[in-house]
Structure formats: C-alpha cells, structure tokens
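**Student:** What follows is entry17.csv, made up of CSV, C-alpha atoms:
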chain,number,residue,atom,x,y,z
A,1,MET,CA,0.0,0.0,0.0
A,2,LYS,CA,1.3,3.5,-0.9
A,3,THR,CA,2.2,5.5,2.2
A,4,ALA,CA,2.1,9.3,1.6
A,5,ILE,CA,4.9,11.4,3.0
A,6,VAL,CA,3.6,14.6,1.3
A,7,GLU,CA,-0.2,15.1,1.2
A,8,ALA,CA,-1.6,18.1,-0.6
A,9,SER,CA,-4.9,19.2,-2.1
A,10,GLU,CA,-3.1,21.4,-4.6
A,11,PRO,CA,-0.4,20.7,-7.2
A,12,VAL,CA,3.2,20.0,-5.9
A,13,THR,CA,6.5,21.0,-7.4
A,14,LEU,CA,9.1,18.2,-7.4
A,15,ILE,CA,12.8,19.1,-8.1
A,16,GLY,CA,15.5,16.7,-9.2
A,17,GLY,CA,19.3,16.9,-9.4
A,18,GLY,CA,19.4,17.2,-13.2
A,19,GLU,CA,19.5,20.3,-15.4
A,20,VAL,CA,17.2,23.1,-14.2
A,21,GLY,CA,17.0,26.0,-16.6
A,22,SER,CA,16.9,29.6,-15.6
A,23,GLY,CA,13.4,30.4,-14.2
A,24,ASP,CA,12.2,26.8,-14.3
A,25,LEU,CA,11.9,26.4,-10.5
A,26,GLU,CA,10.1,29.8,-10.2
A,27,LEU,CA,7.8,28.8,-13.1
A,28,ALA,CA,6.7,25.6,-11.3
A,29,LEU,CA,6.4,27.2,-7.9
A,30,GLU,CA,4.1,29.9,-9.2
A,31,ARG,CA,1.7,27.1,-10.1
A,32,ALA,CA,2.5,24.6,-7.3
A,33,SER,CA,3.9,26.2,-4.1
A,34,THR,CA,4.8,23.1,-2.1
A,35,LEU,CA,8.4,22.1,-2.9
A,36,VAL,CA,9.5,18.5,-2.7
A,37,ALA,CA,13.1,17.5,-3.5
A,38,ALA,CA,14.1,14.1,-4.8
A,39,ASP,CA,17.5,13.5,-3.0
A,40,SER,CA,20.1,15.8,-4.7
A,41,GLY,CA,17.3,18.0,-6.0
A,42,ALA,CA,17.6,19.5,-2.5
A,43,LEU,CA,21.0,20.9,-3.5
A,44,VAL,CA,19.6,22.6,-6.5
A,45,ALA,CA,16.7,24.1,-4.5
A,46,LEU,CA,19.1,25.3,-1.8
A,47,ALA,CA,21.4,26.8,-4.4
A,48,GLN,CA,18.4,28.8,-5.7
A,49,GLY,CA,17.6,30.0,-2.2
A,50,ARG,CA,14.6,27.6,-1.7
A,51,MET,CA,14.2,25.4,1.3
A,52,PRO,CA,12.3,22.2,0.4
A,53,ASP,CA,9.2,21.3,2.4
A,54,ALA,CA,10.3,17.7,2.1
A,55,VAL,CA,13.3,15.7,0.7
A,56,ILE,CA,12.6,12.1,-0.4
A,57,GLY,CA,15.2,9.6,-1.5
A,58,ASP,CA,18.0,7.3,-0.4
A,59,MET,CA,20.1,10.4,0.4
A,60,ASP,CA,23.2,9.0,-1.2
A,61,SER,CA,23.6,12.2,-3.3
A,62,LEU,CA,22.9,14.7,-0.4
A,63,PRO,CA,26.2,15.3,1.4
A,64,ALA,CA,26.1,15.7,5.2
A,65,LEU,CA,27.5,19.3,4.8
A,66,HIS,CA,24.2,20.3,3.1
A,67,ARG,CA,21.9,17.8,4.9
A,68,VAL,CA,22.4,19.7,8.2
A,69,ARG,CA,20.9,22.8,6.6
A,70,ILE,CA,17.6,21.0,6.2
A,71,PRO,CA,15.4,20.4,9.3
A,72,ASP,CA,15.4,16.7,10.3
A,73,GLU,CA,11.6,16.5,10.1
A,74,ARG,CA,11.8,17.4,6.4
A,75,LEU,CA,14.2,14.6,5.5
A,76,HIS,CA,12.6,11.3,4.5
A,77,SER,CA,15.2,8.6,3.8
A,78,ILE,CA,14.1,5.5,1.8
A,79,SER,CA,17.0,3.1,1.7
A,80,GLU,CA,16.0,0.6,-1.0
A,81,GLN,CA,18.1,0.6,-4.1
A,82,ASP,CA,15.6,-1.0,-6.6
A,83,SER,CA,14.1,2.4,-7.7
A,84,THR,CA,15.2,5.9,-8.6
A,85,ASP,CA,14.7,8.8,-6.3
A,86,PHE,CA,12.1,10.2,-8.8
A,87,ASP,CA,10.2,6.9,-8.4
A,88,LYS,CA,10.5,7.0,-4.6
A,89,ALA,CA,9.2,10.6,-4.6
A,90,LEU,CA,6.2,9.9,-6.8
A,91,ARG,CA,5.3,6.8,-4.7
A,92,HIS,CA,5.1,8.9,-1.6
A,93,ILE,CA,3.4,12.1,-2.9
A,94,SER,CA,-0.4,12.3,-2.7
A,95,ALA,CA,-1.4,15.3,-4.7
A,96,PRO,CA,-3.7,16.0,-7.7
A,97,LEU,CA,-0.7,16.9,-9.9
A,98,VAL,CA,3.1,17.1,-9.7
A,99,LEU,CA,5.2,19.6,-11.7
A,100,GLY,CA,8.7,18.2,-12.2
A,101,VAL,CA,11.8,20.2,-12.9
A,102,GLY,CA,15.4,18.9,-13.0
A,103,PHE,CA,14.6,15.5,-14.5
A,104,LEU,CA,15.3,16.2,-18.2
A,105,GLY,CA,18.3,17.1,-20.3
A,106,ALA,CA,20.9,15.2,-18.3
A,107,ARG,CA,21.8,11.5,-18.6
A,108,VAL,CA,19.7,9.4,-21.0
A,109,ASP,CA,19.5,6.4,-18.6
A,110,HIS,CA,18.1,8.7,-15.9
A,111,GLN,CA,15.5,10.1,-18.4
A,112,LEU,CA,14.4,6.7,-19.5
A,113,ALA,CA,14.0,5.6,-15.9
A,114,THR,CA,11.9,8.8,-15.3
A,115,PHE,CA,9.6,8.0,-18.3
A,116,ASN,CA,9.2,4.4,-16.9
A,117,ALA,CA,8.1,5.8,-13.6
A,118,LEU,CA,5.6,8.2,-15.2
A,119,VAL,CA,3.9,5.3,-16.8
A,120,ARG,CA,3.9,3.1,-13.8
A,121,HIS,CA,2.6,5.7,-11.3
A,122,VAL,CA,-0.6,6.6,-13.1
A,123,ASP,CA,-2.2,7.5,-9.7
A,124,CYS,CA,0.2,10.5,-9.4
A,125,PRO,CA,0.1,12.5,-12.6
A,126,CYS,CA,3.3,14.4,-13.3
A,127,LEU,CA,4.2,17.0,-15.8
A,128,LEU,CA,8.0,17.2,-16.6
A,129,ILE,CA,9.0,20.8,-17.6
A,130,GLY,CA,11.9,20.8,-20.1
A,131,ALA,CA,13.7,23.6,-22.0
A,132,VAL,CA,11.2,23.5,-24.9
A,133,GLU,CA,8.6,21.0,-24.0
A,134,VAL,CA,6.3,19.5,-21.4
A,135,ILE,CA,6.3,15.7,-21.1
A,136,PHE,CA,3.6,13.6,-19.4
A,137,HIS,CA,1.8,10.3,-19.4
A,138,MET,CA,-1.3,10.7,-21.4
A,139,PRO,CA,-4.6,10.6,-19.5
A,140,PRO,CA,-7.6,8.7,-21.1
A,141,ARG,CA,-8.6,12.0,-22.8
A,142,LEU,CA,-6.7,15.2,-23.6
A,143,GLU,CA,-8.1,18.4,-24.9
A,144,LEU,CA,-5.6,21.2,-25.6
A,145,ASP,CA,-5.8,24.5,-27.3
A,146,LEU,CA,-2.7,24.5,-29.6
A,147,VAL,CA,-1.9,26.7,-32.6
A,148,PRO,CA,-1.3,25.3,-36.1
A,149,GLY,CA,2.2,24.0,-36.4
A,150,ASP,CA,2.8,23.2,-32.7
A,151,VAL,CA,4.8,20.0,-32.4
A,152,VAL,CA,2.9,17.1,-30.7
A,153,SER,CA,5.0,14.0,-30.1
A,154,LEU,CA,3.6,10.7,-28.8
A,155,PHE,CA,5.8,7.9,-27.7
A,156,PRO,CA,4.4,4.5,-26.6
A,157,LEU,CA,6.0,2.6,-23.7
A,158,ALA,CA,3.4,-0.1,-24.1
A,159,PRO,CA,1.2,-1.3,-27.0
A,160,VAL,CA,-1.6,1.3,-27.3
A,161,THR,CA,-4.2,2.6,-29.7
A,162,ALA,CA,-5.6,6.1,-29.8
A,163,ARG,CA,-7.8,8.5,-31.8
A,164,SER,CA,-7.3,12.2,-32.5
A,165,GLU,CA,-8.7,15.4,-33.7
A,166,GLY,CA,-6.6,18.4,-34.8
A,167,LEU,CA,-3.4,16.5,-35.7
A,168,PHE,CA,-1.9,16.7,-39.1
A,169,TRP,CA,-1.4,12.9,-39.1
A,170,PRO,CA,-4.4,11.4,-37.3
A,171,LEU,CA,-3.9,8.5,-34.8
A,172,ASP,CA,-7.1,6.7,-35.7
A,173,GLY,CA,-6.4,3.1,-36.7
A,174,LEU,CA,-2.8,3.1,-35.6
A,175,GLY,CA,-1.4,0.4,-33.3
A,176,MET,CA,1.6,2.0,-31.5
A,177,ALA,CA,4.3,0.1,-29.6
A,178,PRO,CA,7.9,0.8,-28.3
A,179,ASP,CA,9.2,-1.6,-31.0
A,180,GLY,CA,6.7,-0.6,-33.7
A,181,GLN,CA,4.7,2.5,-34.8
A,182,ILE,CA,5.5,5.7,-32.8
A,183,GLY,CA,4.1,9.2,-33.2
A,184,THR,CA,7.0,11.7,-32.9
A,185,SER,CA,7.0,15.1,-34.6
A,186,ASN,CA,3.3,15.3,-35.4
A,187,ARG,CA,1.8,18.7,-35.8
A,188,ALA,CA,-1.3,20.4,-34.5
A,189,THR,CA,-3.7,22.0,-37.0
A,190,GLY,CA,-5.5,23.8,-34.2
A,191,PRO,CA,-7.1,22.7,-30.9
A,192,VAL,CA,-6.3,19.0,-30.3
A,193,VAL,CA,-8.3,16.2,-28.8
A,194,ILE,CA,-6.6,12.8,-28.2
A,195,GLU,CA,-8.3,9.7,-26.6
A,196,VAL,CA,-6.2,6.8,-25.6
A,197,ALA,CA,-7.5,3.2,-25.1
A,198,ALA,CA,-5.0,2.2,-22.4
A,199,PRO,CA,-2.1,3.5,-20.3
A,200,GLY,CA,1.4,3.6,-21.7
A,201,LEU,CA,1.5,6.7,-24.0
A,202,LEU,CA,3.9,9.6,-23.3
A,203,ALA,CA,3.0,13.0,-24.8
A,204,MET,CA,5.4,15.9,-25.5
A,205,VAL,CA,3.9,19.3,-26.2
A,206,PRO,CA,5.3,22.8,-26.4
A,207,ARG,CA,6.4,24.4,-23.1
A,208,GLY,CA,4.1,27.3,-23.8
A,209,ALA,CA,1.2,24.9,-23.5
A,210,LEU,CA,2.0,24.2,-19.8
A,211,ASP,CA,-0.9,26.1,-18.3
A,212,GLY,CA,-3.3,24.5,-20.7
A,213,VAL,CA,-2.1,21.1,-19.7
A,214,ILE,CA,-2.4,21.9,-16.0
A,215,ARG,CA,-5.9,23.2,-16.5
A,216,TRP,CA,-6.9,20.0,-18.3
A,217,PHE,CA,-5.4,17.7,-15.6
A,218,GLN,CA,-7.4,19.6,-13.0
A,219,SER,CA,-10.6,19.4,-15.0
A,220,PRO,CA,-13.2,16.7,-14.1
A,221,ARG,CA,-13.4,15.9,-17.8
A,222,CYS,CA,-9.8,14.7,-17.8
A,223,GLY,CA,-10.4,11.2,-16.4
A,224,ARG,CA,-7.8,9.1,-14.6
A,225,TRP,CA,-6.4,5.6,-15.1
A,226,PRO,CA,-7.0,3.2,-12.2
A,227,ALA,CA,-3.9,2.8,-9.9
A,228,ARG,CA,-1.8,-0.2,-10.5
A,229,ALA,CA,-1.7,-2.9,-7.9
A,230,GLY,CA,1.5,-3.3,-5.9
The structure in this file should be written as structure tokens.
**Tutor:**
Amino acid sequence: MKTAIVEASEPVTLIGGGEVGSGDLELALERASTLVAADSGALVALAQGRMPDAVIGDMDSLPALHRVRIPDERLHSISEQDSTDFDKALRHISAPLVLGVGFLGARVDHQLATFNALVRHVDCPCLLIGAVEVIFHMPPRLELDLVPGDVVSLFPLAPVTARSEGLFWPLDGLGMAPDGQIGTSNRATGPVVIEVAAPGLLAMVPRGALDGVIRWFQSPRCGRWPARAG
C-alpha cells in the first residue's frame, strides 16, 4: 500500500538533481507552491535560495554538509536501491498533480527511468518541464488549445491505440508500440483532442502549453487511469 509522505490538495513541485533551466523552478512554484526535492534536488533548491518542504530519496547524493541545513523532520530517507529517487518521490506524494523540474536534459538512462516511472505511477500525474517541451503520461482523454504548427510527439511505452482530432497525421487506426509504430513530430492543425484506449503513451507538447495542460489535468473531464496494484 502506498504511504504518503507529502499530502496536498493542490499541485506540488518536485525538483530533481538534473538540469534546471533559468526560471524553471520559479515557473513551477508559481503554479505549485509546495516544494519537494528528490534527493540531490535539494542541493539545486538550496542553491536557488529555496528550502524544500520535504526531501525524499536514499540520500546518497545529499552530502552531510548540506543535509544539516535542512530540518530533520523534512528529511525522509528511503534506503531501498531498486528504484530511482524520482520513483520514490512519486510513490510517496499524494497530490492531484506534480510539476517536475530537474529531470530532463541530463543522462539518458536517468531520463528513461523517469519515463518508466511516469507510466507506472498513473495515480500520481506528473508534468515534466523541459527547456522547450512538457512531457507527461497521457490521461484517457486530452483536450488542448494549440496553434497550427505546434509539435505534438507521442511515444508509446506499451502497446496502445488512440484516436485524435486536430493532428496533421491522425492517430485513428494506428497500433503504437515501443518496437513498432511511434508518433513523434506530429503537428497540431489547431485545438487538439486525443483519446487513448489504455495507459502507456507519453505526450510531448510545447512548453508554452504548460498552463493549458495543468488546467486539463485539474478538469473533471480529464479522467484518470486506475492505480496499478502493488
């Protein structure tokens, strides 16, 4: 059973130890004021003058010199080594939405592990904010006001089918899979509607669409996938 370390009724910002662009943390905190750090993400937060409300991870990347600056009650050590700190944080956050910064643009293996966690923890929706895009696990239905020419990339991490409106190359009738058909570099022709038959599809949309994605995930029309057992 999932045990929440951080419980919030509003979106939460989660910071990792990867690349955090100028203004990224402020962008997220303006929309989700609770700040949680995944292990070494605490170093990034402290360097930007922000004290995390909670730090979750195995703490192997948080030197004692910096750990002593954080109140003990905000440090939550999870010693198991079978998952990443991003995974550990998502497992222990109970919030309607998580905005993630510092998880893209660094090591490819770390990014792949992050994408894996996005798909497995469907009960904790998370939007990853990158330099030019926002990446998230697709809900059952997505409605987004985009402008013609906006890039919409869809990458399956499991076999999945979908239908679409407002994409230059429609998804209807396509069977997508990690080792088969993918949907990168599609283009919006205007407002977009995408319906997905099952979990497992990552979406990548322009960073400028962040607020629209947040609004949709907070809308009762968004829908949610049932949490996975275990």
**Student:** Identify, on the basis of only C-alpha atoms, every residue whose closest approach to range 44-52 of chain A does not exceed 12 Å; exclude the query and any residue fewer than 5 positions from it along the same chain; express the result as a ChimeraX atom specification.
**Tutor:** /A:6,12-26,29,33-39,61-62,66-76,101-103
**Student:** Find the residue from A:Val213, A:Cys126, A:Ile5, A:Val132 that sits nearest to Ile78 in chain A; use all atoms listed in the file when measuring.
**Tutor:**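 Of A:Val213, A:Cys126, A:Ile5, A:Val132, the one nearest Ile78 in chain A, counting all atoms listed in the file, is A:Ile5.
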**Student:** Show me the residues around (-8.8, 15.6, -19.5) - criterion: an atom at most 12 Å away, all atoms listed in the file counted - as a list in words.
**Tutor:**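 Neighbouring residues, ordered by chain and number, come to Pro125, His137, Met138, Pro139, Pro140, Arg141, Leu142, Glu143, Leu144, Val192, Val193, Ile194, Glu195, Val196, Gly212, Val213, Ile214, Arg215, Trp216, Phe217, Gln218, Ser219, Pro220, Arg221, Cys222, Gly223, Arg224 and Trp225 of chain A.
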**Student:** Between A:Arg187, A:Arg91, A:Arg207, A:Arg163, which residue has the minimum interatomic distance to Val122 in chain A, considering all atoms listed in the file?
**Tutor:**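 Of A:Arg187, A:Arg91, A:Arg207, A:Arg163, the one nearest Val122 in chain A, counting all atoms listed in the file, is A:Arg91.
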**Student:** Any idea what the distance is between CA of Val160 in chain A and CA of Thr114 in chain A?
**Tutor:**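 Computing it gives 19.6 Å between the two atoms.
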**Student:** Would you pick out the contacts of Gly175 in chain A at 8 Å or less, using only C-alpha atoms, so that residues sharing its chain but fewer than 6 positions from it are not included, and give the list as a list in words?
**Tutor:**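 My reading of the contact set: Pro159, Val160, Thr161, Ala162 and Gln181 of chain A.
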**Student:** Mind giving me the straight-line distance from CA of Ile182 in chain A to CA of Ala158 in chain A in Å, one decimal?
**Tutor:**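 Taking CA of Ile182 in chain A as the start and CA of Ala158 in chain A as the end point, the length is 10.7 Å.
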